[in-house]
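To start, the structure itself, in structure tokens.
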Amino acid sequence: MNQTTRIRLLLILLAIASAFLVFTIFRDGDVEPALEPLGFSDFIAQVDNGEVDEVEFTNGSARITVTLTNGDEFSTLLPPLYAPEVAGQLIEATPPITITTAPAPDSGIDWIRLLEVLAPLLVLVALVWFILSRMRGGKKEGKNFTDRTKSGDDNSVTFDDVAGAKEAVVELGEIRDFLKDPTRFTEIGAKIPKGVLLYGPPGTGKTLLARAVAGEAGVPFYTLSGSDFVEVYAGVGASRVRKLFDDARENAPAIIFVDEIDAVGRHRGGSATSGNEEREQTLNQLLVEMDGFDTETGVIFIAATNRPDILDSALLRPGRFDRQVAVETPDVDGRRQILAVHSKGKRLGPDADIDTIARRTPGFTGADLANLLNEAALLAARRNQTFIGDKEIDDALDRVIAGPEKGANTLSDREKYIIAYHEAGHAIVGHVLPNADPIHKVSIIARGKALGFTLALPEKDKILRSRSELNDEMAMLLGGRIAEEIIFGDPTTGAHNDIERVTKLARSMVTQYGMSPELGLQKFGSSIGESYASGAPMSEDLAKKIDQEIRTMIAAAGEEAREILTLHRPVLDQMAEALIERETLNKEQLDEIFTKIGPVANADTIDLRTTPSHK
Ligand code: ADP
Ligand code: MG
Ligand code: ZN
């Protein structure tokens with residue numbers, strides 16, 4: 001909620017409160033219906049004319065109630081000055097006037113009335129108090145300012161819930177041991193790190209790990225997310241940080257966890273946008289607090305980030321995050337363990353095998369795998385099955401990799417043809433080239449942004465990639481476009497993503513990986529994806545040379561793709577036809593088509609020494 005909506009809300013509430021107040025005042029009239037008032041002189045005239053039947057005085061009040069002989073009633077004020085005179089007149093009047101005296105009106109406090117008047121005021125006061133406290137950094141909307149989770153109640157996460165992150169668990173296990181029994185460590189003189197930074201790609205389980213430490217140690221867990229500091233008023237971020245640390249210290253031993261710390265901890269300086277000052281204040285407060293406590297207080301600070309590279313160097317200085325734990329994308333074993341954790345409570349059919357899923361999901365994080373199993377379970381339920389079969393896993397994989405299927409009839413027949421040839425082009429080049437990843441599936445069903453897709457998966461996880469692999473990948477990426485050119489002679493925009501990827505790859509090969517013989521083993525520019533011209537100063541001549549080299553590499557890859565597709569034109573046609581008919585071809589169906597190509601070289605059977613170094 002920003003300031004203007006808050007003010008608007010305040011105005012609305014004020015309007016409601018004042019309407020209530022006005023209503024209450026008007027109701028006063030109804031509660032005690034006033035008699036028709038009449039002027040004093042009129043009353044005297046009526047007395048003189050003998051029209052008055054009865055007069056009621058009220059003790060302690062100047063108001064009298066008059067009943068006329070014709071039954072009318074009214075009230076009037078009797079000025080005290082005339083009271084004795086009027087009284088005498090009334091007593092002597094003919095015909096006689098009945099004179100009565102009513103007791104003074106109940107002067108006790110009418111509580112209900114009082115409440116009616118005070119309630120709106122109370123509402124107002126509460127409102128102002130609430131708003132002020134918010135401005136001073138009270139609660140964040142819909143979410144506790146500090147989300148304090150004590151283990152045992154709702155934080156039952158343990159290390160068992162985190163699979164395939166052995167190193168991280170070992171590191172954090174030490175923290176747990178310390179929190180459980182600090183004296184064991186302090187007595188021997190061991191110094192426990194006061195700050196632990198978990199870093200790694202999104203979805204690898206960093207947040208989960210931090211919760212698990214608290215759950216294991218059974219200590220309170222105070223957490224804020226870096227994004228809680230975004231879009232707050234001046235000074236709020238800093239005061240939140242202060243409160244976070246105060247709360248934790250009061251309840252030590254405890255864990256403080258700041259998730260997505262990069263949102264606050266991005267390195268300072270640079271562009272002076274308006275949000276920056278607030279962020280810097282928050283960061284400064286964080287640094288002050290981190291320096292202001294030591295592990296003797298029994299508080300341990302854990303933070304997580306996907307972007308350790310953009311963190312302010314002050315955060316990484318010794319004495320702050322003494323320990324930095326990488327949480328990596330899991331390997332095949334890790335994936336198997338994660339799948340085992342997440343398939344608990346899900347009914348997997350006999351043909352859905354965790355081992356196979358693990359092998360088919362290189363690059364998947366824990367979050368991806370959890371998502372995959374959930375999608376598969378949803379599909380199985382939608383299909384009224386009692387268990388999750390291989391088919392559901394397969395479909396869920398497509399969904400997770402490429403997004404949900406789009407409505408079918410959005411493509412014209414001609415477009416369908418073009419996409420079929422395009423994807424078949426990718427697949428055939430990928431199949432023929434020895435260092436490209438094996439083709440698992442080809443589809444012309446639109447998913448997400450892609451009109452079709454060709455799924456190539458490495459046989460095993462790769463950490464290093466060789467130049468020949470990258471060259472083959474470039475050719476495969478261009479295979480789609482080249483097939484379009486060969487068949488239709490009129491290329492479409494469908495290849496834009498392929499072209500983008502090829503360009504990026506070629507640029508990295510030249511400027512980062514030292515894979516261009518022409519330019520040698522030198523790094524140009526600052527990082528991948530960034531224009532190399534924005535890095536270190538570079539002569540125009542050199543920039544031209546880099547461009548030239550990138551162009552040469554891409555052209556060579558395109559040429560390679562063209563040769564393959566021209567040579568295997570009949571297979572290309574056959575696969576395109578099959579795709580139009582079936583829309584998706586799985587591994588067996590593809591292998592059957594590929595038999596027409598005959599045996600192709602496989603990277604594992606190639607003697608690396610004789611692999612041509614330049615394609
Ligand atoms: P991160 O904080 O690194 O972005 P999260 O901890 O938020 O990742 O992970 C999101 C979800 O993915 C978790 O709640 C959990 O269900 C699943 N997950 C991620 N990593 C793992 C893992 N190593 N073991 C089990 N589940 C995991
Ligand atoms: Mg997270
Ligand atoms: Zn493509």
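Chains: A, B, ... in order of the structure tokens. Residues: from 1 per chain. Ligands: from 1, in order shown.
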
- Task: List every residue of stretch 185-363 of chain A that DSSP, applied to the backbone, labels as alpha helix (DSSP H), and write the result as a PyMOL selection string.
- Result: chain A and resi 185-187+206-217+236-250+262-265+274-291+313-316+332-343+354-359

- Task: May I have all residues of stretch 235-410 of chain A that DSSP, computed from the backbone, assigns to strand (DSSP E), given as number ranges by chain?
- Result: A: 254-259, 299-305, 323-326

Produce a table with one row for each residue of chain A that has an atom at most 7 Å from any atom of ligand 3, each row naming the nearest atom pair and its distance in Å at one decimal; use only C-alpha atoms and all ligand atoms; arrange rows by chain and rising residue number; format as CSV.
```
residue,atom,partner,partner_atom_place_in_ligand_line,distance
A:His422,CA,ligand 3,1 (Zn),6.2
A:Glu423,CA,ligand 3,1 (Zn),6.1
A:His426,CA,ligand 3,1 (Zn),6.7
A:Phe453,CA,ligand 3,1 (Zn),6.9
A:Leu477,CA,ligand 3,1 (Zn),6.3
A:Gly480,CA,ligand 3,1 (Zn),4.9
A:Arg481,CA,ligand 3,1 (Zn),6.8
A:Gly494,CA,ligand 3,1 (Zn),6.8
A:Ala495,CA,ligand 3,1 (Zn),5.1
A:Asn497,CA,ligand 3,1 (Zn),6.9
A:Asp498,CA,ligand 3,1 (Zn),5.2
```

- Task: Please measure the separation of atom CA of A:Asp395 and atom CA of A:Val432, giving the value in Å to one decimal.
- Result: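 Separating atom CA of A:Asp395 from atom CA of A:Val432 is a distance of 26.4 Å.
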
- Could you pull out the residues sitting within 8 Å of ligand 1, using only C-alpha atoms and all ligand atoms, and write them as a ChimeraX atom specification? /A:161-165,199-209,259,304-306,327,330,334,337-339,341-342,365-371

Could you take the residues named above and write them with N, CA, C and O atoms, as a compact mmCIF listing (two decimals), in the first residue's frame?
```txt
# COMPACT_ATOMS: atom_id res chain seq x y z
N ASP A 161 14.24 -33.09 4.88
CA ASP A 161 13.42 -32.55 3.79
C ASP A 161 14.28 -31.98 2.68
O ASP A 161 13.79 -31.66 1.61
N VAL A 162 15.56 -31.81 2.97
CA VAL A 162 16.46 -31.25 1.96
C VAL A 162 17.30 -32.39 1.41
O VAL A 162 18.07 -33.00 2.14
N ALA A 163 17.13 -32.68 0.15
CA ALA A 163 17.86 -33.80 -0.42
C ALA A 163 18.91 -33.30 -1.39
O ALA A 163 18.80 -32.20 -1.94
N GLY A 164 19.94 -34.11 -1.59
CA GLY A 164 20.92 -33.82 -2.62
C GLY A 164 21.71 -32.55 -2.40
O GLY A 164 22.22 -31.97 -3.34
N ALA A 165 21.79 -32.10 -1.16
CA ALA A 165 22.62 -30.91 -0.89
C ALA A 165 23.54 -31.25 0.27
O ALA A 165 23.53 -30.59 1.30
N TYR A 199 24.38 -19.33 -1.26
CA TYR A 199 24.19 -18.78 -2.59
C TYR A 199 24.07 -19.89 -3.61
O TYR A 199 24.62 -20.98 -3.46
N GLY A 200 23.33 -19.63 -4.66
CA GLY A 200 23.11 -20.62 -5.70
C GLY A 200 21.90 -20.23 -6.51
O GLY A 200 21.16 -19.32 -6.13
N PRO A 201 21.67 -20.95 -7.61
CA PRO A 201 20.55 -20.61 -8.50
C PRO A 201 19.21 -20.69 -7.77
O PRO A 201 19.10 -21.39 -6.76
N PRO A 202 18.20 -19.99 -8.27
CA PRO A 202 16.89 -20.05 -7.65
C PRO A 202 16.32 -21.47 -7.66
O PRO A 202 16.55 -22.22 -8.59
N GLY A 203 15.62 -21.81 -6.60
CA GLY A 203 14.95 -23.11 -6.55
C GLY A 203 15.82 -24.27 -6.11
O GLY A 203 15.41 -25.41 -6.16
N THR A 204 17.04 -23.97 -5.65
CA THR A 204 17.92 -25.05 -5.23
C THR A 204 17.76 -25.40 -3.76
O THR A 204 18.44 -26.28 -3.26
N GLY A 205 16.89 -24.68 -3.06
CA GLY A 205 16.60 -25.07 -1.69
C GLY A 205 17.28 -24.23 -0.62
O GLY A 205 17.43 -24.69 0.51
N LYS A 206 17.65 -23.02 -0.94
CA LYS A 206 18.33 -22.18 0.05
C LYS A 206 17.40 -21.81 1.20
O LYS A 206 17.76 -21.95 2.37
N THR A 207 16.20 -21.36 0.85
CA THR A 207 15.24 -21.00 1.88
C THR A 207 14.90 -22.23 2.72
O THR A 207 14.84 -22.17 3.95
N LEU A 208 14.73 -23.32 2.03
CA LEU A 208 14.42 -24.58 2.71
C LEU A 208 15.52 -24.95 3.71
O LEU A 208 15.24 -25.36 4.84
N LEU A 209 16.77 -24.80 3.31
CA LEU A 209 17.90 -25.13 4.18
C LEU A 209 17.90 -24.26 5.43
O LEU A 209 18.11 -24.76 6.54
N ASP A 259 16.24 -13.49 3.47
CA ASP A 259 16.16 -14.13 2.16
C ASP A 259 16.35 -13.07 1.09
O ASP A 259 16.07 -11.90 1.32
N ALA A 304 20.45 -15.56 2.15
CA ALA A 304 20.44 -16.32 0.90
C ALA A 304 20.37 -15.37 -0.28
O ALA A 304 19.77 -14.30 -0.19
N THR A 305 21.00 -15.77 -1.36
CA THR A 305 20.94 -14.97 -2.58
C THR A 305 21.18 -15.82 -3.82
O THR A 305 21.87 -16.83 -3.77
N ASN A 306 20.57 -15.40 -4.92
CA ASN A 306 20.86 -16.01 -6.23
C ASN A 306 22.00 -15.27 -6.90
O ASN A 306 22.49 -15.71 -7.92
N VAL A 327 24.98 -23.57 -2.82
CA VAL A 327 23.90 -24.55 -2.97
C VAL A 327 23.72 -24.73 -4.47
O VAL A 327 23.24 -23.83 -5.15
N PRO A 330 21.33 -29.74 -8.45
CA PRO A 330 21.69 -31.12 -8.12
C PRO A 330 22.16 -31.94 -9.32
O PRO A 330 21.71 -31.69 -10.45
N GLY A 334 21.60 -36.40 -6.78
CA GLY A 334 20.84 -35.42 -6.00
C GLY A 334 19.40 -35.38 -6.47
O GLY A 334 18.47 -35.34 -5.66
N GLN A 337 17.46 -38.26 -5.17
CA GLN A 337 17.08 -38.10 -3.75
C GLN A 337 15.96 -37.09 -3.58
O GLN A 337 15.05 -37.29 -2.78
N ILE A 338 16.04 -36.01 -4.34
CA ILE A 338 14.99 -34.99 -4.24
C ILE A 338 13.66 -35.57 -4.69
O ILE A 338 12.62 -35.38 -4.06
N LEU A 339 13.71 -36.33 -5.79
CA LEU A 339 12.48 -36.96 -6.29
C LEU A 339 11.92 -37.92 -5.25
O LEU A 339 10.70 -38.01 -5.07
N VAL A 341 12.18 -37.63 -2.02
CA VAL A 341 11.53 -36.82 -0.98
C VAL A 341 10.15 -36.36 -1.44
O VAL A 341 9.17 -36.46 -0.72
N HIS A 342 10.11 -35.87 -2.68
CA HIS A 342 8.86 -35.26 -3.13
C HIS A 342 7.83 -36.27 -3.63
O HIS A 342 6.68 -35.92 -3.83
N THR A 365 16.29 -27.99 -10.93
CA THR A 365 16.54 -27.73 -9.51
C THR A 365 15.51 -28.47 -8.68
O THR A 365 14.57 -29.06 -9.23
N GLY A 366 15.68 -28.41 -7.36
CA GLY A 366 14.71 -29.03 -6.47
C GLY A 366 13.31 -28.51 -6.70
O GLY A 366 12.34 -29.27 -6.71
N ALA A 367 13.22 -27.19 -6.91
CA ALA A 367 11.90 -26.60 -7.13
C ALA A 367 11.30 -27.11 -8.44
O ALA A 367 10.11 -27.41 -8.50
N ASP A 368 12.13 -27.24 -9.48
CA ASP A 368 11.64 -27.76 -10.76
C ASP A 368 11.11 -29.18 -10.58
O ASP A 368 10.06 -29.54 -11.14
N LEU A 369 11.86 -29.99 -9.83
CA LEU A 369 11.47 -31.39 -9.66
C LEU A 369 10.17 -31.50 -8.86
O LEU A 369 9.29 -32.29 -9.20
N ALA A 370 10.08 -30.68 -7.82
CA ALA A 370 8.84 -30.68 -7.02
C ALA A 370 7.67 -30.29 -7.91
O ALA A 370 6.60 -30.90 -7.88
N ASN A 371 7.91 -29.29 -8.73
CA ASN A 371 6.90 -28.81 -9.67
C ASN A 371 6.51 -29.90 -10.67
O ASN A 371 5.34 -30.13 -10.95
```

- Task: Give the answer as one residue: which of A:Ala427, A:Ile487, A:Leu172, A:Ile564 has the shortest atom-to-atom distance to A:Val213, using only C-alpha atoms?
- Result: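 Among A:Ala427, A:Ile487, A:Leu172, A:Ile564, it is A:Leu172 that comes nearest to A:Val213.
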
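Take atom CA of A:Val52 and atom CA of A:Asp72: the distance between them is 9.5 Å.
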
With the cut-off set at 10 Å and counting only C-alpha atoms, tabulate each residue of stretch 297-371 of chain A with an atom at most that distance from an atom of stretch 375-394 of chain A, showing the nearest atom pair and its distance in Å to one decimal, ordered by chain and increasing number, as a tab-separated table.
```
residue	atom	partner	partner_atom	distance
A:Ser343	CA	A:Ala377	CA	9.7
A:Lys346	CA	A:Ala377	CA	7.3
A:Arg347	CA	A:Phe387	CA	5.0
A:Leu348	CA	A:Ile388	CA	4.7
A:Gly349	CA	A:Gly389	CA	5.0
A:Pro350	CA	A:Gly389	CA	7.4
A:Asp351	CA	A:Asp390	CA	5.6
A:Ala352	CA	A:Asp390	CA	4.5
A:Asp353	CA	A:Asp390	CA	7.7
A:Thr356	CA	A:Asp390	CA	9.7
A:Ile357	CA	A:Ile393	CA	7.9
A:Arg360	CA	A:Asp394	CA	9.7
A:Leu369	CA	A:Glu375	CA	9.7
A:Ala370	CA	A:Glu375	CA	8.6
A:Asn371	CA	A:Glu375	CA	6.1
```

Using only C-alpha atoms, determine which residues lie at most 8 Å from stretch 501-512 of chain A, disregarding the query and same-chain residues fewer than 3 positions distant; provide the list as a PDB file with N, CA, C and O atoms, in the first residue's frame.
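The result, written out as selection25.pdb:
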```pdb
ATOM      1  N   LEU A 470      30.138 -27.148 -28.670  1.00  0.00           N
ATOM      2  CA  LEU A 470      29.518 -25.840 -28.898  1.00  0.00           C
ATOM      3  C   LEU A 470      29.289 -25.602 -30.388  1.00  0.00           C
ATOM      4  O   LEU A 470      28.249 -25.077 -30.793  1.00  0.00           O
ATOM      5  N   MET A 474      25.687 -25.006 -32.178  1.00  0.00           N
ATOM      6  CA  MET A 474      25.346 -23.880 -33.050  1.00  0.00           C
ATOM      7  C   MET A 474      24.706 -24.369 -34.343  1.00  0.00           C
ATOM      8  O   MET A 474      23.703 -23.813 -34.804  1.00  0.00           O
ATOM      9  N   LEU A 477      21.200 -25.452 -33.661  1.00  0.00           N
ATOM     10  CA  LEU A 477      20.313 -24.306 -33.460  1.00  0.00           C
ATOM     11  C   LEU A 477      19.923 -23.671 -34.794  1.00  0.00           C
ATOM     12  O   LEU A 477      18.809 -23.194 -34.972  1.00  0.00           O
ATOM     13  N   LEU A 478      20.876 -23.684 -35.741  1.00  0.00           N
ATOM     14  CA  LEU A 478      20.579 -23.074 -37.036  1.00  0.00           C
ATOM     15  C   LEU A 478      19.816 -24.016 -37.961  1.00  0.00           C
ATOM     16  O   LEU A 478      19.288 -23.597 -38.989  1.00  0.00           O
ATOM     17  N   ASN A 497      14.573 -16.819 -31.801  1.00  0.00           N
ATOM     18  CA  ASN A 497      15.189 -17.276 -30.558  1.00  0.00           C
ATOM     19  C   ASN A 497      16.452 -18.099 -30.839  1.00  0.00           C
ATOM     20  O   ASN A 497      17.462 -17.971 -30.151  1.00  0.00           O
ATOM     21  N   ASP A 498      16.387 -18.931 -31.883  1.00  0.00           N
ATOM     22  CA  ASP A 498      17.569 -19.713 -32.272  1.00  0.00           C
ATOM     23  C   ASP A 498      18.723 -18.784 -32.601  1.00  0.00           C
ATOM     24  O   ASP A 498      19.865 -19.008 -32.191  1.00  0.00           O
ATOM     25  N   MET A 515      38.065 -19.448 -27.740  1.00  0.00           N
ATOM     26  CA  MET A 515      37.938 -20.539 -28.702  1.00  0.00           C
ATOM     27  C   MET A 515      38.091 -20.074 -30.139  1.00  0.00           C
ATOM     28  O   MET A 515      37.805 -20.830 -31.066  1.00  0.00           O
ATOM     29  N   SER A 516      38.506 -18.844 -30.316  1.00  0.00           N
ATOM     30  CA  SER A 516      38.758 -18.397 -31.676  1.00  0.00           C
ATOM     31  C   SER A 516      40.257 -18.342 -31.901  1.00  0.00           C
ATOM     32  O   SER A 516      40.961 -17.594 -31.225  1.00  0.00           O
ATOM     33  N   LEU A 519      41.647 -14.811 -32.473  1.00  0.00           N
ATOM     34  CA  LEU A 519      41.789 -13.833 -31.384  1.00  0.00           C
ATOM     35  C   LEU A 519      42.498 -14.377 -30.153  1.00  0.00           C
ATOM     36  O   LEU A 519      42.910 -13.623 -29.281  1.00  0.00           O
ATOM     37  N   GLN A 522      42.170 -14.751 -24.938  1.00  0.00           N
ATOM     38  CA  GLN A 522      42.042 -13.483 -24.238  1.00  0.00           C
ATOM     39  C   GLN A 522      40.576 -13.226 -23.961  1.00  0.00           C
ATOM     40  O   GLN A 522      39.713 -13.598 -24.759  1.00  0.00           O
ATOM     41  N   LYS A 523      40.316 -12.587 -22.830  1.00  0.00           N
ATOM     42  CA  LYS A 523      38.931 -12.250 -22.522  1.00  0.00           C
ATOM     43  C   LYS A 523      38.654 -10.823 -22.993  1.00  0.00           C
ATOM     44  O   LYS A 523      39.424  -9.915 -22.735  1.00  0.00           O
ATOM     45  N   PHE A 524      37.548 -10.683 -23.679  1.00  0.00           N
ATOM     46  CA  PHE A 524      37.154  -9.345 -24.125  1.00  0.00           C
ATOM     47  C   PHE A 524      35.832  -8.979 -23.461  1.00  0.00           C
ATOM     48  O   PHE A 524      34.921  -9.786 -23.407  1.00  0.00           O
ATOM     49  N   GLY A 525      35.750  -7.747 -22.977  1.00  0.00           N
ATOM     50  CA  GLY A 525      34.501  -7.321 -22.354  1.00  0.00           C
ATOM     51  C   GLY A 525      34.390  -7.860 -20.955  1.00  0.00           C
ATOM     52  O   GLY A 525      35.272  -8.564 -20.471  1.00  0.00           O
ATOM     53  N   SER A 527      31.319  -9.330 -19.170  1.00  0.00           N
ATOM     54  CA  SER A 527      30.637 -10.578 -18.838  1.00  0.00           C
ATOM     55  C   SER A 527      29.776 -11.041 -19.996  1.00  0.00           C
ATOM     56  O   SER A 527      29.464 -10.296 -20.910  1.00  0.00           O
ATOM     57  N   ILE A 528      29.362 -12.294 -19.886  1.00  0.00           N
ATOM     58  CA  ILE A 528      28.566 -12.880 -20.946  1.00  0.00           C
ATOM     59  C   ILE A 528      27.282 -12.092 -21.111  1.00  0.00           C
ATOM     60  O   ILE A 528      26.674 -11.674 -20.141  1.00  0.00           O
ATOM     61  N   GLY A 529      26.892 -11.920 -22.329  1.00  0.00           N
ATOM     62  CA  GLY A 529      25.627 -11.250 -22.568  1.00  0.00           C
ATOM     63  C   GLY A 529      25.802  -9.753 -22.717  1.00  0.00           C
ATOM     64  O   GLY A 529      25.034  -9.088 -23.382  1.00  0.00           O
ATOM     65  N   TYR A 532      30.717  -6.702 -25.706  1.00  0.00           N
ATOM     66  CA  TYR A 532      32.148  -6.667 -25.384  1.00  0.00           C
ATOM     67  C   TYR A 532      32.707  -5.270 -25.509  1.00  0.00           C
ATOM     68  O   TYR A 532      33.714  -4.927 -24.951  1.00  0.00           O
ATOM     69  N   ILE A 546      36.524  -8.938 -33.741  1.00  0.00           N
ATOM     70  CA  ILE A 546      35.667  -9.823 -32.953  1.00  0.00           C
ATOM     71  C   ILE A 546      34.360 -10.083 -33.703  1.00  0.00           C
ATOM     72  O   ILE A 546      33.931 -11.231 -33.853  1.00  0.00           O
ATOM     73  N   GLU A 549      34.907 -12.448 -36.477  1.00  0.00           N
ATOM     74  CA  GLU A 549      35.127 -13.826 -36.047  1.00  0.00           C
ATOM     75  C   GLU A 549      33.801 -14.493 -35.658  1.00  0.00           C
ATOM     76  O   GLU A 549      33.559 -15.651 -35.967  1.00  0.00           O
ATOM     77  N   ILE A 550      32.961 -13.725 -34.988  1.00  0.00           N
ATOM     78  CA  ILE A 550      31.643 -14.256 -34.620  1.00  0.00           C
ATOM     79  C   ILE A 550      30.866 -14.621 -35.883  1.00  0.00           C
ATOM     80  O   ILE A 550      30.271 -15.698 -35.993  1.00  0.00           O
ATOM     81  N   MET A 553      32.164 -17.824 -37.480  1.00  0.00           N
ATOM     82  CA  MET A 553      31.754 -19.029 -36.741  1.00  0.00           C
ATOM     83  C   MET A 553      30.309 -19.394 -37.037  1.00  0.00           C
ATOM     84  O   MET A 553      29.983 -20.557 -37.265  1.00  0.00           O
ATOM     85  N   ILE A 554      29.435 -18.386 -37.011  1.00  0.00           N
ATOM     86  CA  ILE A 554      28.019 -18.652 -37.248  1.00  0.00           C
ATOM     87  C   ILE A 554      27.812 -19.138 -38.683  1.00  0.00           C
ATOM     88  O   ILE A 554      27.055 -20.088 -38.930  1.00  0.00           O
TER      89      ILE A 554
END
```

- Leaving out stretch 263-265 of chain A and any residue of its chain fewer than 6 positions from it, which residues lie within 7 Å of it when counting only C-alpha atoms, given as a ChimeraX atom specification? /A:226-227,279,282-283,311-312

- Task: Please provide the set of residues having any atom within 12 Å of A:Thr67, restricted to only C-alpha atoms, with same-chain residues fewer than 4 positions apart removed, written as a list in words.
- Result: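 Within the cut-off, the hits are Leu35, Glu36, Leu38, Phe43, Gln46, Val47, Gly50, Glu51, Val52, Asp53, Glu54, Val55, Glu56, Phe57, Gly71, Asp72, Glu73, Phe74, Ser75, Thr76, Ile97, Thr98, Ile99 and Thr100 of chain A.
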
Selected residues written out with N, CA and C atoms, as a compact mmCIF listing (two decimals), in the first residue's frame:
```txt
# COMPACT_ATOMS: atom_id res chain seq x y z
N LEU A 35 -41.67 18.78 22.18
CA LEU A 35 -43.01 19.31 21.98
C LEU A 35 -42.91 20.58 21.17
N GLU A 36 -43.96 20.83 20.48
CA GLU A 36 -44.04 22.07 19.72
C GLU A 36 -43.62 23.24 20.62
N LEU A 38 -43.28 27.08 21.86
CA LEU A 38 -44.16 28.24 21.68
C LEU A 38 -43.54 29.44 22.41
N PHE A 43 -47.99 32.14 25.34
CA PHE A 43 -48.45 31.33 26.47
C PHE A 43 -49.26 32.20 27.43
N GLN A 46 -52.61 32.86 26.16
CA GLN A 46 -53.51 31.70 26.29
C GLN A 46 -54.03 31.59 27.73
N VAL A 47 -53.12 31.89 28.69
CA VAL A 47 -53.55 31.82 30.09
C VAL A 47 -54.67 32.84 30.31
N GLY A 50 -58.01 31.82 29.12
CA GLY A 50 -58.58 30.63 29.73
C GLY A 50 -58.48 29.39 28.87
N GLU A 51 -57.49 29.37 27.94
CA GLU A 51 -57.36 28.18 27.07
C GLU A 51 -56.47 27.11 27.66
N VAL A 52 -55.76 27.39 28.78
CA VAL A 52 -54.80 26.44 29.32
C VAL A 52 -55.47 25.52 30.33
N ASP A 53 -55.23 24.24 30.18
CA ASP A 53 -55.84 23.26 31.06
C ASP A 53 -54.87 22.80 32.14
N GLU A 54 -53.61 22.61 31.74
CA GLU A 54 -52.65 22.00 32.66
C GLU A 54 -51.26 22.53 32.38
N VAL A 55 -50.48 22.74 33.45
CA VAL A 55 -49.08 23.16 33.28
C VAL A 55 -48.20 22.27 34.13
N GLU A 56 -47.15 21.79 33.51
CA GLU A 56 -46.25 20.91 34.27
C GLU A 56 -44.90 21.59 34.39
N PHE A 57 -44.49 21.83 35.64
CA PHE A 57 -43.15 22.38 35.88
C PHE A 57 -42.17 21.24 36.03
N GLY A 71 -56.68 20.08 24.03
CA GLY A 71 -55.85 18.86 23.95
C GLY A 71 -54.46 19.08 23.41
N ASP A 72 -54.18 20.23 22.76
CA ASP A 72 -52.83 20.46 22.23
C ASP A 72 -51.80 20.56 23.34
N GLU A 73 -50.62 20.12 23.01
CA GLU A 73 -49.53 20.19 23.99
C GLU A 73 -48.39 20.97 23.39
N PHE A 74 -47.72 21.73 24.19
CA PHE A 74 -46.50 22.37 23.72
C PHE A 74 -45.64 22.69 24.93
N SER A 75 -44.45 23.15 24.63
CA SER A 75 -43.58 23.51 25.74
C SER A 75 -43.08 24.92 25.51
N THR A 76 -42.71 25.55 26.57
CA THR A 76 -42.17 26.89 26.43
C THR A 76 -41.20 27.16 27.57
N ILE A 97 -56.35 26.03 36.57
CA ILE A 97 -55.35 25.28 35.79
C ILE A 97 -54.69 24.25 36.70
N THR A 98 -54.62 23.03 36.22
CA THR A 98 -53.95 21.99 37.01
C THR A 98 -52.45 22.23 36.94
N ILE A 99 -51.81 22.32 38.10
CA ILE A 99 -50.37 22.55 38.12
C ILE A 99 -49.68 21.33 38.70
N THR A 100 -48.79 20.74 37.95
CA THR A 100 -48.05 19.58 38.48
C THR A 100 -46.57 19.88 38.40
```

- Item | Distance query A:Lys596 at most 12 Å, only C-alpha atoms, self and fewer than 5 positions along chain excluded, as a PyMOL selection string | chain A and resi 428+431-432+567-575+590-591

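Of the residues listed (A:Leu224, A:Ala214, A:Val169, A:Val400), A:Leu224 shows the shortest atom-to-atom separation from ligand 2; distances use only C-alpha atoms and all ligand atoms.
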
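Comparing the minimum interatomic distances between A:Gly403 and each of A:Gly363, A:Gly452, A:Pro103, A:Pro84, counting only C-alpha atoms, we find that A:Gly452 sits nearest.
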
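Distance check against ligand 2 using only C-alpha atoms and all ligand atoms: of A:Asn374, A:Thr566, A:Thr223, A:Thr492, the minimum falls on A:Thr223.
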
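For the set A:Arg323, A:Arg249, A:Arg307, A:Lys191, the residue with the smallest atom-to-atom gap to ligand 2 is A:Arg307, counting only C-alpha atoms and all ligand atoms.
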
- Item | Atom pair atom CA of A:Ile439 / atom CA of A:Lys587: separation (Å) | 7.3 Å
